[in-house]
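Structure file input_20.csv (CSV, C-alpha atoms and all ligand atoms) is printed below.
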chain,number,residue,atom,x,y,z
L,804,GLU,CA,-7.0,-9.7,-11.7
L,805,LYS,CA,-4.1,-7.9,-10.1
L,806,GLY,CA,-3.7,-6.1,-13.5
L,807,GLY,CA,0.0,-6.9,-13.7
L,808,TYR,CA,0.8,-5.7,-10.2
L,809,GLU,CA,2.4,-8.0,-7.6
L,810,HIS,CA,-0.2,-7.3,-5.0
L,811,PHE,CA,-3.7,-5.9,-4.8
L,812,MET,CA,-2.4,-3.2,-2.4
L,813,LEU,CA,0.0,-1.9,-5.1
L,814,LYS,CA,-2.7,-2.0,-7.7
L,815,GLU,CA,-5.1,-0.1,-5.5
L,816,ILE,CA,-2.5,2.5,-4.7
L,817,PHE,CA,-1.9,3.0,-8.4
L,818,GLU,CA,-5.6,3.1,-9.1
L,819,GLN,CA,-6.1,6.3,-7.1
L,820,PRO,CA,-5.9,8.8,-10.0
L,821,ARG,CA,-8.9,6.8,-11.5
L,822,SER,CA,-10.8,6.2,-8.2
L,823,VAL,CA,-10.7,9.8,-7.2
L,824,LYS,CA,-11.8,10.8,-10.7
L,825,ASP,CA,-14.7,8.3,-10.4
L,826,CYS,CA,-15.6,9.8,-7.1
L,827,PHE,CA,-15.9,13.2,-8.7
L,828,ARG,CA,-17.7,12.0,-11.8
L,829,GLY,CA,-21.1,13.6,-12.2
L,830,ARG,CA,-20.4,15.6,-9.0
L,831,VAL,CA,-17.8,18.2,-9.8
L,832,ASN,CA,-17.8,20.3,-12.9
L,833,ALA,CA,-15.5,23.3,-12.8
L,834,ASP,CA,-16.4,24.6,-16.3
L,835,GLU,CA,-20.1,24.8,-15.4
L,836,GLY,CA,-19.5,25.7,-11.7
L,837,HIS,CA,-21.4,22.6,-10.5
L,838,LEU,CA,-21.0,20.7,-7.4
L,839,VAL,CA,-23.8,18.0,-6.9
L,840,LEU,CA,-24.1,15.3,-4.3
L,841,GLY,CA,-27.3,13.7,-5.4
L,842,GLY,CA,-27.8,11.4,-2.4
L,843,LEU,CA,-27.5,14.4,0.0
L,844,ARG,CA,-29.6,16.9,-1.8
L,845,GLU,CA,-32.6,16.5,0.5
L,846,TYR,CA,-30.5,16.9,3.6
L,847,LEU,CA,-28.3,19.7,2.7
L,848,ASP,CA,-30.4,22.3,4.4
L,849,ASP,CA,-30.5,20.2,7.6
L,850,ILE,CA,-26.7,19.9,7.6
L,851,ALA,CA,-26.3,23.6,6.9
L,852,LYS,CA,-28.6,24.4,9.9
L,853,SER,CA,-27.1,21.8,12.3
L,854,GLN,CA,-25.2,23.0,15.4
L,855,ARG,CA,-22.9,20.0,15.5
L,856,ILE,CA,-21.6,17.1,13.4
L,857,VAL,CA,-20.4,13.9,15.0
L,858,ILE,CA,-18.4,11.6,12.8
L,859,VAL,CA,-18.2,7.9,13.8
L,860,ALA,CA,-15.8,5.4,12.2
L,861,CYS,CA,-13.0,2.9,12.9
L,862,GLY,CA,-9.3,2.6,11.7
L,863,THR,CA,-8.5,4.3,8.5
L,864,SER,CA,-12.0,5.6,8.1
L,865,TRP,CA,-11.6,7.3,11.4
L,866,HIS,CA,-8.5,9.0,10.0
L,867,ALA,CA,-10.6,10.2,7.1
L,868,GLY,CA,-13.0,11.6,9.7
L,869,LEU,CA,-10.2,13.6,11.3
L,870,VAL,CA,-9.3,15.2,8.0
L,871,ALA,CA,-13.0,16.0,7.5
L,872,GLU,CA,-13.1,17.7,10.9
L,873,TYR,CA,-10.5,20.2,9.7
L,874,VAL,CA,-12.2,20.7,6.4
L,875,PHE,CA,-15.8,21.1,7.8
L,876,GLU,CA,-14.7,23.5,10.5
L,877,GLU,CA,-12.6,25.5,8.2
L,878,LEU,CA,-15.1,25.8,5.4
L,879,ALA,CA,-18.6,25.2,6.8
L,880,ARG,CA,-17.9,26.6,10.3
L,881,ILE,CA,-19.8,23.8,12.0
L,882,PRO,CA,-18.2,22.2,15.1
L,883,VAL,CA,-17.2,18.6,14.4
L,884,GLU,CA,-16.4,15.7,16.8
L,885,VAL,CA,-14.7,12.6,15.5
L,886,GLU,CA,-15.4,9.5,17.5
L,887,TYR,CA,-14.2,5.9,17.5
L,888,ALA,CA,-17.5,4.1,16.9
L,889,SER,CA,-16.6,1.6,19.6
L,890,GLU,CA,-16.1,4.3,22.3
L,891,PHE,CA,-19.1,6.3,21.2
L,892,ARG,CA,-21.5,3.4,21.4
L,893,TYR,CA,-20.5,2.4,25.0
L,894,ARG,CA,-20.8,5.8,26.5
L,895,ASN,CA,-24.1,7.6,27.0
L,896,PRO,CA,-23.3,10.1,24.2
L,897,ILE,CA,-25.0,13.4,24.1
L,898,ILE,CA,-26.9,13.5,20.8
L,899,LYS,CA,-29.8,15.9,20.2
L,900,GLU,CA,-32.5,15.9,17.6
L,901,GLY,CA,-31.1,17.6,14.5
L,902,ASP,CA,-27.5,16.7,15.2
L,903,VAL,CA,-25.9,15.2,12.2
L,904,VAL,CA,-24.0,12.0,12.5
L,905,ILE,CA,-21.7,10.9,9.6
L,906,ALA,CA,-20.7,7.3,9.5
L,907,ILE,CA,-17.6,6.5,7.4
L,908,SER,CA,-17.0,2.9,6.4
L,909,GLN,CA,-15.3,1.3,3.4
L,910,SER,CA,-17.0,-2.1,3.9
L,911,GLY,CA,-20.3,-0.8,5.2
L,912,GLU,CA,-20.3,-3.8,7.5
L,913,THR,CA,-18.2,-2.7,10.5
L,914,MET,CA,-20.1,-3.9,13.6
L,915,ASP,CA,-19.1,-1.0,15.9
L,916,THR,CA,-20.0,1.6,13.3
L,917,LEU,CA,-23.4,0.0,12.7
L,918,ALA,CA,-24.1,-0.1,16.4
L,919,ALA,CA,-23.1,3.6,16.8
L,920,ILE,CA,-25.5,4.5,14.0
L,921,GLU,CA,-28.4,2.6,15.7
L,922,LEU,CA,-27.7,4.4,18.9
L,923,ALA,CA,-27.5,7.9,17.3
L,924,LYS,CA,-30.7,7.2,15.3
L,925,SER,CA,-32.6,6.3,18.4
L,926,LYS,CA,-31.7,9.7,19.8
L,927,GLY,CA,-33.1,11.5,16.8
L,928,ALA,CA,-29.9,12.3,14.8
L,929,ILE,CA,-29.8,12.6,11.1
L,930,ILE,CA,-27.5,9.8,9.9
L,931,LEU,CA,-25.4,10.2,6.8
L,932,GLY,CA,-23.2,7.5,5.4
L,933,VAL,CA,-19.9,7.7,3.5
L,934,CYS,CA,-19.4,4.1,2.3
L,935,ASN,CA,-17.7,2.3,-0.5
L,936,ALA,CA,-19.4,-1.1,-0.7
L,937,VAL,CA,-22.6,-0.5,-2.6
L,938,GLY,CA,-25.7,-2.0,-1.0
L,939,SER,CA,-23.9,-3.0,2.2
L,940,SER,CA,-25.5,-2.8,5.7
L,941,ILE,CA,-24.5,0.8,6.7
L,942,PRO,CA,-25.9,2.5,3.6
L,943,ARG,CA,-29.1,0.6,4.2
L,944,THR,CA,-29.5,2.0,7.7
L,945,THR,CA,-28.6,5.6,7.1
L,946,HIS,CA,-31.1,8.4,6.1
L,947,ALA,CA,-28.9,9.5,3.2
L,948,GLY,CA,-25.4,9.4,2.1
L,949,ALA,CA,-22.8,9.5,-0.7
L,950,TYR,CA,-20.9,6.5,-2.0
L,951,THR,CA,-17.2,6.8,-2.4
L,952,HIS,CA,-17.1,4.9,-5.7
L,953,ALA,CA,-13.5,3.7,-5.3
L,954,GLY,CA,-14.5,0.2,-6.6
L,955,PRO,CA,-13.8,-3.0,-4.7
L,956,GLU,CA,-10.9,-2.8,-2.3
L,957,ILE,CA,-9.3,-6.2,-1.9
L,958,GLY,CA,-6.0,-5.4,0.0
L,959,VAL,CA,-6.7,-5.5,3.7
L,960,ALA,CA,-4.8,-2.2,4.1
L,961,SER,CA,-7.1,0.5,3.0
L,962,THR,CA,-5.6,2.9,0.4
L,963,LYS,CA,-7.9,4.0,-2.4
L,964,ALA,CA,-10.9,3.9,0.0
L,965,PHE,CA,-9.2,6.5,2.2
L,966,THR,CA,-8.6,9.0,-0.6
L,967,ALA,CA,-12.1,8.5,-1.9
L,968,GLN,CA,-13.5,9.1,1.6
L,969,VAL,CA,-11.5,12.3,2.0
L,970,SER,CA,-12.7,13.3,-1.4
L,971,VAL,CA,-16.4,12.8,-0.7
L,972,LEU,CA,-16.2,14.5,2.7
L,973,THR,CA,-14.4,17.5,1.2
L,974,LEU,CA,-17.2,17.8,-1.4
L,975,MET,CA,-19.8,17.6,1.4
L,976,ALA,CA,-18.0,20.4,3.3
L,977,ILE,CA,-17.8,22.6,0.3
L,978,ALA,CA,-21.5,22.0,-0.6
L,979,VAL,CA,-22.6,22.8,3.0
L,980,ALA,CA,-20.4,25.9,3.1
L,981,ARG,CA,-22.0,27.1,-0.1
L,982,ARG,CA,-25.5,26.3,1.1
L,983,LYS,CA,-24.8,28.4,4.3
L,984,GLY,CA,-23.7,31.2,2.0
L,985,ILE,CA,-20.3,31.5,3.5
L,986,LEU,CA,-18.2,30.4,0.6
L,987,HIS,CA,-17.2,33.1,-1.8
L,988,GLU,CA,-18.1,32.3,-5.4
L,989,ASP,CA,-14.4,32.7,-6.4
L,990,THR,CA,-13.2,30.4,-3.7
L,991,PHE,CA,-15.9,27.9,-4.7
L,992,ARG,CA,-14.7,28.0,-8.4
L,993,ARG,CA,-11.1,27.7,-7.3
L,994,PHE,CA,-12.0,24.6,-5.3
L,995,LEU,CA,-13.7,23.0,-8.3
L,996,PHE,CA,-10.8,23.7,-10.5
L,997,GLU,CA,-8.3,22.3,-7.9
L,998,LEU,CA,-10.4,19.2,-7.3
L,999,GLU,CA,-10.4,18.4,-11.0
L,1000,ARG,CA,-6.6,18.6,-11.0
L,1001,ILE,CA,-6.2,16.1,-8.1
L,1002,PRO,CA,-6.2,12.9,-10.2
L,1003,GLU,CA,-3.3,14.2,-12.4
L,1004,LYS,CA,-1.4,15.4,-9.4
L,1005,ILE,CA,-1.8,11.9,-7.7
L,1006,GLU,CA,-0.4,10.5,-11.0
L,1007,LYS,CA,2.6,12.8,-10.5
L,1008,VAL,CA,3.2,11.6,-7.0
L,1009,LEU,CA,3.1,8.0,-8.2
L,1010,LYS,CA,5.9,8.9,-10.6
L,1011,ASN,CA,8.1,9.0,-7.4
L,1012,ALA,CA,7.5,5.3,-6.8
L,1013,GLU,CA,11.0,4.2,-7.6
L,1014,LYS,CA,12.6,6.8,-5.4
L,1015,ILE,CA,10.2,5.8,-2.5
L,1016,LYS,CA,11.2,2.2,-3.0
L,1017,GLU,CA,14.9,3.2,-2.7
L,1018,ILE,CA,14.2,5.1,0.5
L,1019,SER,CA,12.2,2.1,1.8
L,1020,ALA,CA,15.2,-0.2,1.3
L,1021,LEU,CA,17.2,1.9,3.7
L,1022,PHE,CA,14.7,1.5,6.5
L,1023,SER,CA,13.3,-2.0,6.0
L,1024,GLU,CA,15.2,-3.2,9.1
L,1025,ALA,CA,14.0,-0.4,11.4
L,1026,ARG,CA,12.2,-1.5,14.6
L,1027,ASN,CA,10.3,1.7,15.1
L,1028,PHE,CA,9.0,4.7,13.2
L,1029,ILE,CA,7.5,8.0,14.1
L,1030,TYR,CA,5.2,10.0,11.8
L,1031,LEU,CA,4.7,13.7,12.4
L,1032,GLY,CA,2.4,16.3,10.8
L,1033,ARG,CA,0.4,19.3,11.8
L,1034,GLY,CA,-3.0,20.5,10.8
L,1035,LEU,CA,-4.5,18.5,8.0
L,1036,ASN,CA,-1.4,16.5,7.8
L,1037,PHE,CA,-1.7,15.3,11.4
L,1038,PRO,CA,-4.4,12.7,10.5
L,1039,VAL,CA,-2.1,11.8,7.5
L,1040,ALA,CA,0.7,11.0,10.0
L,1041,LEU,CA,-1.7,8.7,11.9
L,1042,GLU,CA,-2.6,7.0,8.7
L,1043,GLY,CA,1.0,6.6,7.6
L,1044,ALA,CA,1.8,5.0,10.9
L,1045,LEU,CA,-1.2,2.7,10.8
L,1046,LYS,CA,-0.3,1.5,7.2
L,1047,LEU,CA,3.2,0.7,8.3
L,1048,LYS,CA,2.3,-1.3,11.4
L,1049,GLU,CA,-0.5,-3.3,9.9
L,1050,ILE,CA,1.4,-4.6,6.9
L,1051,SER,CA,5.1,-4.6,8.0
L,1052,TYR,CA,4.6,-5.2,11.7
L,1053,ILE,CA,7.0,-2.4,12.5
L,1054,HIS,CA,6.0,-0.4,15.6
L,1055,ALA,CA,5.0,3.0,14.4
L,1056,GLU,CA,3.4,6.0,16.0
L,1057,GLY,CA,1.8,9.1,14.5
L,1058,TYR,CA,1.7,12.3,16.5
L,1059,PRO,CA,0.9,16.0,15.9
L,1060,ALA,CA,4.4,17.4,15.4
L,1061,ALA,CA,4.1,19.9,18.2
L,1062,GLU,CA,3.3,17.2,20.7
L,1063,MET,CA,6.8,15.6,20.2
L,1064,LYS,CA,8.3,17.8,22.9
L,1065,HIS,CA,5.8,16.5,25.4
L,1066,GLY,CA,7.2,13.0,25.4
L,1067,PRO,CA,8.0,11.2,22.2
L,1068,ILE,CA,11.2,13.3,21.6
L,1069,ALA,CA,12.8,11.1,24.2
L,1070,LEU,CA,12.7,8.2,21.7
L,1071,ILE,CA,14.8,10.0,19.1
L,1072,ASP,CA,18.3,8.7,18.4
L,1073,GLU,CA,20.3,7.8,15.3
L,1074,ASP,CA,18.2,4.6,14.9
L,1075,MET,CA,14.8,6.4,14.8
L,1076,PRO,CA,13.3,7.2,11.4
L,1077,VAL,CA,11.0,10.1,11.6
L,1078,VAL,CA,8.6,10.8,8.7
L,1079,PHE,CA,7.5,14.4,8.5
L,1080,ILE,CA,4.6,15.5,6.3
L,1081,ALA,CA,5.9,19.0,5.8
L,1082,THR,CA,4.1,20.6,2.9
L,1083,ARG,CA,4.0,24.4,2.3
L,1084,ASP,CA,1.0,25.5,4.4
L,1085,GLN,CA,0.2,27.7,7.4
L,1086,SER,CA,2.3,25.5,9.7
L,1087,TYR,CA,5.4,25.3,7.4
L,1088,GLU,CA,7.7,27.4,9.6
L,1089,LYS,CA,6.6,25.5,12.7
L,1090,ILE,CA,7.3,22.1,11.2
L,1091,VAL,CA,10.7,23.2,9.9
L,1092,SER,CA,11.7,23.8,13.5
L,1093,ASN,CA,10.3,20.4,14.5
L,1094,ILE,CA,12.6,18.9,11.8
L,1095,GLN,CA,15.5,20.8,13.3
L,1096,GLU,CA,14.7,19.4,16.8
L,1097,VAL,CA,14.8,15.8,15.4
L,1098,LYS,CA,18.0,16.4,13.5
L,1099,ALA,CA,19.7,17.9,16.6
L,1100,ARG,CA,19.1,14.5,18.2
L,1101,LYS,CA,20.4,12.6,15.2
L,1102,GLY,CA,17.1,11.2,14.1
L,1103,LYS,CA,16.8,10.1,10.5
L,1104,VAL,CA,14.3,12.4,8.7
L,1105,ILE,CA,12.2,11.4,5.7
L,1106,ALA,CA,10.1,14.4,4.6
L,1107,VAL,CA,7.2,14.7,2.3
L,1108,VAL,CA,7.5,18.3,0.9
L,1109,THR,CA,5.8,20.5,-1.6
L,1110,GLU,CA,7.5,20.5,-5.1
L,1111,GLY,CA,10.3,23.1,-5.3
L,1112,ASP,CA,10.9,23.3,-1.5
L,1113,LYS,CA,14.5,24.6,-1.1
L,1114,LEU,CA,14.8,24.6,2.7
L,1115,ILE,CA,13.8,21.2,3.9
L,1116,PRO,CA,16.1,19.3,1.5
L,1117,THR,CA,19.0,21.0,3.3
L,1118,MET,CA,17.9,19.5,6.6
L,1119,ALA,CA,16.2,16.1,5.9
L,1120,ASP,CA,18.0,12.9,5.0
L,1121,HIS,CA,15.4,12.1,2.3
L,1122,VAL,CA,12.7,14.1,0.7
L,1123,ILE,CA,9.7,13.1,-1.4
L,1124,GLU,CA,8.0,15.9,-3.4
L,1125,ILE,CA,4.3,16.3,-4.0
L,1126,PRO,CA,2.6,18.9,-6.3
L,1127,ILE,CA,1.1,22.0,-4.8
L,1128,THR,CA,-2.7,22.2,-4.4
L,1129,HIS,CA,-5.2,24.1,-2.2
L,1130,GLU,CA,-4.1,23.5,1.4
L,1131,VAL,CA,-7.4,21.8,2.3
L,1132,LEU,CA,-6.8,19.2,-0.5
L,1133,THR,CA,-3.3,18.4,0.6
L,1134,PRO,CA,-4.1,15.1,2.4
L,1135,LEU,CA,-5.2,13.6,-0.9
L,1136,LEU,CA,-1.6,13.9,-2.2
L,1137,SER,CA,0.5,13.7,1.0
L,1138,VAL,CA,-0.9,10.3,2.0
L,1139,ILE,CA,0.2,8.6,-1.3
L,1140,PRO,CA,4.0,8.5,-0.5
L,1141,LEU,CA,3.2,7.0,2.9
L,1142,GLN,CA,1.2,4.2,1.4
L,1143,LEU,CA,4.0,3.4,-1.0
L,1144,LEU,CA,6.6,3.5,1.8
L,1145,SER,CA,4.8,1.0,3.9
L,1146,TYR,CA,4.1,-1.2,1.0
L,1147,HIS,CA,7.7,-1.4,-0.1
L,1148,ILE,CA,9.0,-1.9,3.4
L,1149,ALA,CA,6.5,-4.7,4.0
L,1150,VAL,CA,7.4,-6.5,0.8
L,1151,MET,CA,11.1,-6.2,1.6
L,1152,ARG,CA,10.5,-7.8,5.0
L,1153,GLY,CA,8.7,-10.7,3.2
L,1154,CYS,CA,5.3,-9.9,4.7
L,1155,ASN,CA,2.0,-10.9,3.2
L,1156,VAL,CA,0.8,-7.3,2.4
L,1157,ASP,CA,-2.6,-8.2,1.0
L,1158,GLN,CA,-3.5,-10.3,4.0
L,1159,PRO,CA,-1.6,-9.3,7.0
L,1160,ARG,CA,-1.6,-11.5,10.1
L,1161,ASN,CA,-4.5,-11.1,12.5
L,1162,LEU,CA,-6.5,-8.8,10.3
L,1163,ALA,CA,-9.7,-9.1,8.3
L,1164,LYS,CA,-11.0,-6.9,5.6
L,1165,SER,CA,-14.3,-6.2,7.4
L,1166,VAL,CA,-14.7,-6.4,11.1
L,1167,THR,CA,-18.2,-7.7,11.7
L,1168,VAL,CA,-17.5,-8.7,15.3
L,1169,GLU,CA,-16.9,-6.4,18.2
C,1201,LIG,C1,-6.8,-0.1,7.8
C,1201,LIG,C2,-8.0,-0.8,7.8
C,1201,LIG,C3,-8.9,-0.8,9.0
C,1201,LIG,C4,-10.3,-0.3,8.5
C,1201,LIG,C5,-11.3,-0.4,9.7
C,1201,LIG,C6,-12.6,0.2,9.3
C,1201,LIG,O1,-6.0,-0.2,6.7
C,1201,LIG,O2,-8.3,-1.4,6.8
C,1201,LIG,O3,-8.4,0.0,10.0
C,1201,LIG,O4,-10.2,1.0,8.1
C,1201,LIG,O5,-11.5,-1.7,10.1
C,1201,LIG,O6,-13.2,-0.5,8.3
C,1201,LIG,P1,-14.4,0.1,7.4
C,1201,LIG,O7,-13.9,1.3,6.8
C,1201,LIG,O8,-14.8,-1.0,6.5
C,1201,LIG,O9,-15.5,0.4,8.4
structure tokens encoding of this file:
Amino acid sequence: EKGGYEHFMLKEIFEQPRSVKDCFRGRVNADEGHLVLGGLREYLDDIAKSQRIVIVACGTSWHAGLVAEYVFEELARIPVEVEYASEFRYRNPIIKEGDVVIAISQSGETMDTLAAIELAKSKGAIILGVCNAVGSSIPRTTHAGAYTHAGPEIGVASTKAFTAQVSVLTLMAIAVARRKGILHEDTFRRFLFELERIPEKIEKVLKNAEKIKEISALFSEARNFIYLGRGLNFPVALEGALKLKEISYIHAEGYPAAEMKHGPIALIDEDMPVVFIATRDQSYEKIVSNIQEVKARKGKVIAVVTEGDKLIPTMADHVIEIPITHEVLTPLLSVIPLQLLSYHIAVMRGCNVDQPRNLAKSVTVE
């Protein structure tokens, strides 16, 4: 049932070209210029008219929410707040009638997320679900939603569910922007075209698996890791750090790269591996100077870069290339090397990657 892979986690990482394609099936058609999210059709106008979107989730799903914050604000120009479900539910959150709440959950059973939904519902919000497990509790309590269609995820560390969540949320943002009439037809067409290319580009990232394994071997004894990114790659840095800590038990922190100088830079020495997600985008020059700051303090730099980057390979100790795509879609590619890095490091340390200590696949208690 592991399809020839040593662990479910590795199988699920390698399934991503297919799971993302499944998520787009029947929804995206570049030739015909179609983008349809059947489950949301009735609510598209309400979302387009809303003044505010609140996203509630936990763990990796919360990281997908942070990516969605950037994408929704950039494309649909609706303010987004991303909340830990557990924090949201125990405040007296300000929710008004007509606010849109999006709950993201792989399992559809997370207790804190369910409770956050009930609270928001009682205050008159429109509740939308982005879930993977079909027929689970969350999709049964929401007003509408879109399934991620990643298929069952067995490994406790979430991988293919994350890329499917980001995929669905991106489709939602594009659909809302279009309904608001603020997405140029050419831009819309280009998105559809680029979305359809994502599965083959993930395939291409996966071709670097051997190289990532070799890099992993050099760092399997590390005691700490820092992950840095900016913009859309900041949530990817958080996700990379979470993946590493949960399955390898190495202490890891994710930060927005510019925050480094406000504290974490004090940690940098020759024993500190720093993973930069440094793709060619608006913040490229800025992140290049962050890499220089780390190198000046003798940190070991592993950089995820855009194919063909000439500059960063002259500075970083190790580079992993990913194909170019529309900037907004980058997290779908940049997270893949981080999943593989944590997987290989955990295996080399003899950890039980599919069932890490102290963790359960779905957290149905608070
Ligand atoms: C991380 C992980 C957890 C879950 C979190 C939310 O790899 O698996 O952080 O993401 O428990 O679970 P769902 O998405 O099922 O609500």
- What gap, in Å, lies between atom CA of L:Thr973 and atom CA of L:Ala871?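 We find that atom CA of L:Thr973 and atom CA of L:Ala871 lie 6.6 Å from each other.
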Could you give me, as JSON lines, a per-residue list for chain L showing, wherever an atom lies at most 6 Å from an atom of ligand LIG 1201 (chain C), the closest pair of atoms and their distance in Å to one decimal, using all atoms listed in the file and sorting by chain then residue number from low to high?
{"residue": "L:Cys861", "atom": "CA", "partner": "C:LIG1201", "partner_atom": "C6", "distance": 4.5}
{"residue": "L:Gly862", "atom": "CA", "partner": "C:LIG1201", "partner_atom": "O3", "distance": 3.2}
{"residue": "L:Thr863", "atom": "CA", "partner": "C:LIG1201", "partner_atom": "O4", "distance": 3.7}
{"residue": "L:Ser864", "atom": "CA", "partner": "C:LIG1201", "partner_atom": "O7", "distance": 4.9}
{"residue": "L:Ser908", "atom": "CA", "partner": "C:LIG1201", "partner_atom": "O7", "distance": 3.5}
{"residue": "L:Gln909", "atom": "CA", "partner": "C:LIG1201", "partner_atom": "O7", "distance": 3.7}
{"residue": "L:Ser910", "atom": "CA", "partner": "C:LIG1201", "partner_atom": "O8", "distance": 3.6}
{"residue": "L:Gly911", "atom": "CA", "partner": "C:LIG1201", "partner_atom": "O8", "distance": 5.7}
{"residue": "L:Thr913", "atom": "CA", "partner": "C:LIG1201", "partner_atom": "O9", "distance": 4.6}
{"residue": "L:Val959", "atom": "CA", "partner": "C:LIG1201", "partner_atom": "O2", "distance": 5.4}
{"residue": "L:Ala960", "atom": "CA", "partner": "C:LIG1201", "partner_atom": "O1", "distance": 3.5}
{"residue": "L:Ser961", "atom": "CA", "partner": "C:LIG1201", "partner_atom": "O1", "distance": 3.9}
{"residue": "L:Lys1046", "atom": "CA", "partner": "C:LIG1201", "partner_atom": "O1", "distance": 6.0}
{"residue": "L:Ser1165", "atom": "CA", "partner": "C:LIG1201", "partner_atom": "O8", "distance": 5.3}
{"residue": "L:Val1166", "atom": "CA", "partner": "C:LIG1201", "partner_atom": "O5", "distance": 5.8}
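The interatomic distance for the pair atom CA of L:Lys1101 and atom CA of L:Leu1021 works out to 16.0 Å.
Excluding stretch 997-1009 of chain L itself and same-chain residues fewer than 5 positions from it, the residues having an atom within 7 Å of it are Pro820, Arg821, Val823, Lys824, Ile1125, Pro1126, Thr1128, His1129 and Leu1136 of chain L, counting all atoms listed in the file.
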- Closest to L:Ser889 among L:Ala1081, L:Val1150, L:Leu922, L:Ile957, using only C-alpha atoms? L:Leu922
- If you count all atoms listed in the file, which residues fall within 7 Å of stretch 1047-1060 of chain L, apart from same-chain ones fewer than 4 positions away, as a ChimeraX atom specification? /L:1026-1033,1037,1040-1041,1043,1090,1093,1145,1148-1149,1152,1154,1156,1159
